[in-house]
Structures are given as C-alpha cells and as structure tokens.
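Scroll down for the structure; my scribbles are underneath it.
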Amino acid sequence: MNNGGVSPSPRIVTEAFVRYTWQQEDATAYTMWQILEPQSETVRTGLAEMFGCSPEEIAITRNASESLEILLFGLDLKSGDEIIANTQDYPRMLTTLRQRELREGLKLKLVKIPIAPNDPDEIAAAYERAITPRTKLLLISHQINLTGQITPIKKVCEMARARGIETIVDGAHSFAQFDFKRDDIGCDYFGTSLHKWLYAPKGTGMLYVRKEKIPKVWALMAAEDKNRNDIRKFEEIGTHSAAMRLAIGEAVLFHNAIGGKRKEERLRYLSRYWMDRLKNIPKVGFNTSFDPAQSCAIANFKIDGVDPVKLGSYLMAKHKIFTTPIIHEEFTGIRITPNVYTTLWELDRFSNIVEDVAKKGLPTA
C-alpha cells in the first residue's frame, strides 16, 4: 500500500533496462555514446507528447529532486527577494530554499494550507494572501505527497503570472497518476520523478522549462555558454548509464497502452473503494478530501487514539501490509497508495484489519 515513493516497473520496462545495460557493455565507449545515448531523443519526444509541450522544453533527469533543485538553485534572485512555498511541500525542496535563504539572504515565506479543504480555492487564497511586492518566485506541489491533496495549480499560476511572479510546480506525484497536460496547469517550470507513476526505472526524472525561460536558468552542473539556450544543458551530469534513460521509452509505451484517463479512473476507483469502506467506521477519519478534483490514488487516514507509527509497524509486522506513517506538525496519519495492480481482495483485507483496530485498538502483545 505504498507506491508513493517508487512504483514497481512493468516487466517490459525492466527487460528493456537489462537489455540496454548489456548492450552498452559491448564496445562500451562507442556503444554508449554513439548508438544508445542519441536514442534518448526519442524518449524526450515521448515525454513531451505526454506533457503537451515541445521536446526542446524537456530535460531528462534522475528524479524530481534534481529537476526542482536545478530550478530552485538556478534562478537568479537577490537578497530580500521572497519565495513562497507551503509547510506541506516536500522537505528536500524546503531545505533547498532554506540553504539559499541562509547563504544569500533570500526570504522564504511558508503558508499553511487547509487539510482536506471543502473548496480548493482555499488553497489558492492562502498563496494570494502571502504575496507582497517583494515576492519573485512561488513553489507549489501539484499534489501534496503527505495527503494526496491536488492543488488548484492553474488558478495559482495565473494569479502569480498576473503579478509578475514565476511559478515552479513540484509534480513528483501528479505526472502519470492523473491525466493532464502542460496547458491545463499553466506553469513556468515543472519537475517530476518518472519512477513513481510512470513506472520507469528507478533514478529517472523529467524537467520542463518554458522555452523562452531556458536561457535565464543556470545549469546545476556547469554547461558551456554556447548551450545557454538548449534544454540539454540541464543534463550535463558527467558519465551516466544510457540504459535507464532509454527504458523510459517502454514506460511511456506502457502508460499510453493503458491510457492516461483510464489509468486515472482505475487509481481513483481503488482509493475510493477502501476509503468508502472505512469512512463510516467510528474513530476513523481522513486527512484527504473525497472530492475527485482534490485527490486520486493517494489518501491519508487516521484512527483516533492510535499512534500512526505503531499502526504502521503493526500492519507490516503482523500482516505484511506496507504503509507510510506520516508525522507532521499540523497532522498525523497513515498514507495509503494502491496502484493499478492492487486487487479488491487486498483492499478488503486491509480494510478489515483497520476496522478491527478502530474497534479494539492495537494488540498489546
């Protein structure tokens, strides 16, 4: 019940990864750089088609953190400039911004967003209230990793653009989980991992930079000035395996074979199945909205009076159900993340155990 960090790859992806790995071991320097690496342009094109943008706006990275740190470190800001994020954003991104705050005198302003809001516009309003004339950059998660909350990205991005503020969207969980294109969100920059919901090899990610903004973003690892306008400058990381990058192509094929919308519907069906089973059980509550516009595969629940860490340990030790306990200063709970392969029998088994704990508490021995 934890597909949030990484998801298992389909057989065709793993087999492709192994095949490309063996291939690059044959006359390695020639095969890697003359035969395999150029094929990554096809992967770039496939990702661009999924996202709805030009291939010249897509860089292939190692994960969402690398994609987002390229942006958070690469944009020129000066002492006193404000960056807005929220308290539920991914910790590594907040750490990145705090380093710039300490090193360069930037001002990081964290807003609090409601837990399972009745109206997603409450989230947009929280960001709008935080904006001042010194605000230059806004970071927002498309989907909060802790609760599965889908945020009103387009409204926030349009609001920011009208005020001359740039927007970075953390799409680590949203990409390939639910169906959308670049124009549906309207951001300037977007970063995601591909080993989550696209089921690509572990250690693959994607960065989107709007074409006209590529020259202004510094590469995380130095690139020659002649490449200033080229999205590929963000891929200058030194020697790396071509196999992982190329196997992304099979992951894209697998995703497209299912269909983005059908996949979204399957994931939401699975999450609502167990949520509906438990929503009327006394002591069980949710940190995630049931509104289809606000959540998809990821949801977070709690049992009054039960420590989520102890509950998570019990589920794994006794029942071999792997979950994600969440301890946040604003809330606690257990994150549950089924995937397309999850069966209703598994969800019934999980729900029966949770119901039993809600009624009787955790066993003492």
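Order determines the names: the first chain of the structure tokens is A, the second B, and so forth; residues in each chain are numbered 1 upward, and ligands are numbered 1 upward as they are shown.
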Near A:Gly312, within 10 Å and counting only C-alpha atoms, which residues show up once chain neighbours fewer than 3 positions away are dropped, as a PyMOL selection string? chain A and resi 307-309+315-317+321-326+333-335
Leaving out A:Asn256 and any residue of its chain fewer than 3 positions from it, which residues lie within 12 Å of it when counting only C-alpha atoms, given as a PyMOL selection string? chain A and resi 46-47+49-50+176+179+198+249-253+259-263
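Within the 12 Å cut-off around A:Asp121, using only C-alpha atoms and omitting residues fewer than 2 positions from it on the same chain, the listed residues are Ile113, Pro114, Ala116, Pro117, Asn118, Asp119, Ile123, Ala124, Ala125, Ala126, Tyr127, Glu128, Ile150, Thr151, Pro152, Ile153, Lys154, Lys155, Val156, Met159, Ala293 and Gln294 of chain A.
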Closest to A:Ala16 among A:Thr147, A:Lys202, A:Ala243, A:Gln39, using only C-alpha atoms? A:Ala243
Shell around stretch 3-8 of chain A at 7 Å using only C-alpha atoms, local window under 6 positions removed, as a list in words: His195, Lys196, Trp197, Tyr199, Thr337, Pro338 and Asn339 of chain A
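Here atom CA of A:Ile353 and atom CA of A:Glu330 stand 26.3 Å from one another.
Coordinates place atom CA of A:Ile185 at a distance of 17.4 Å from atom CA of A:Glu122.
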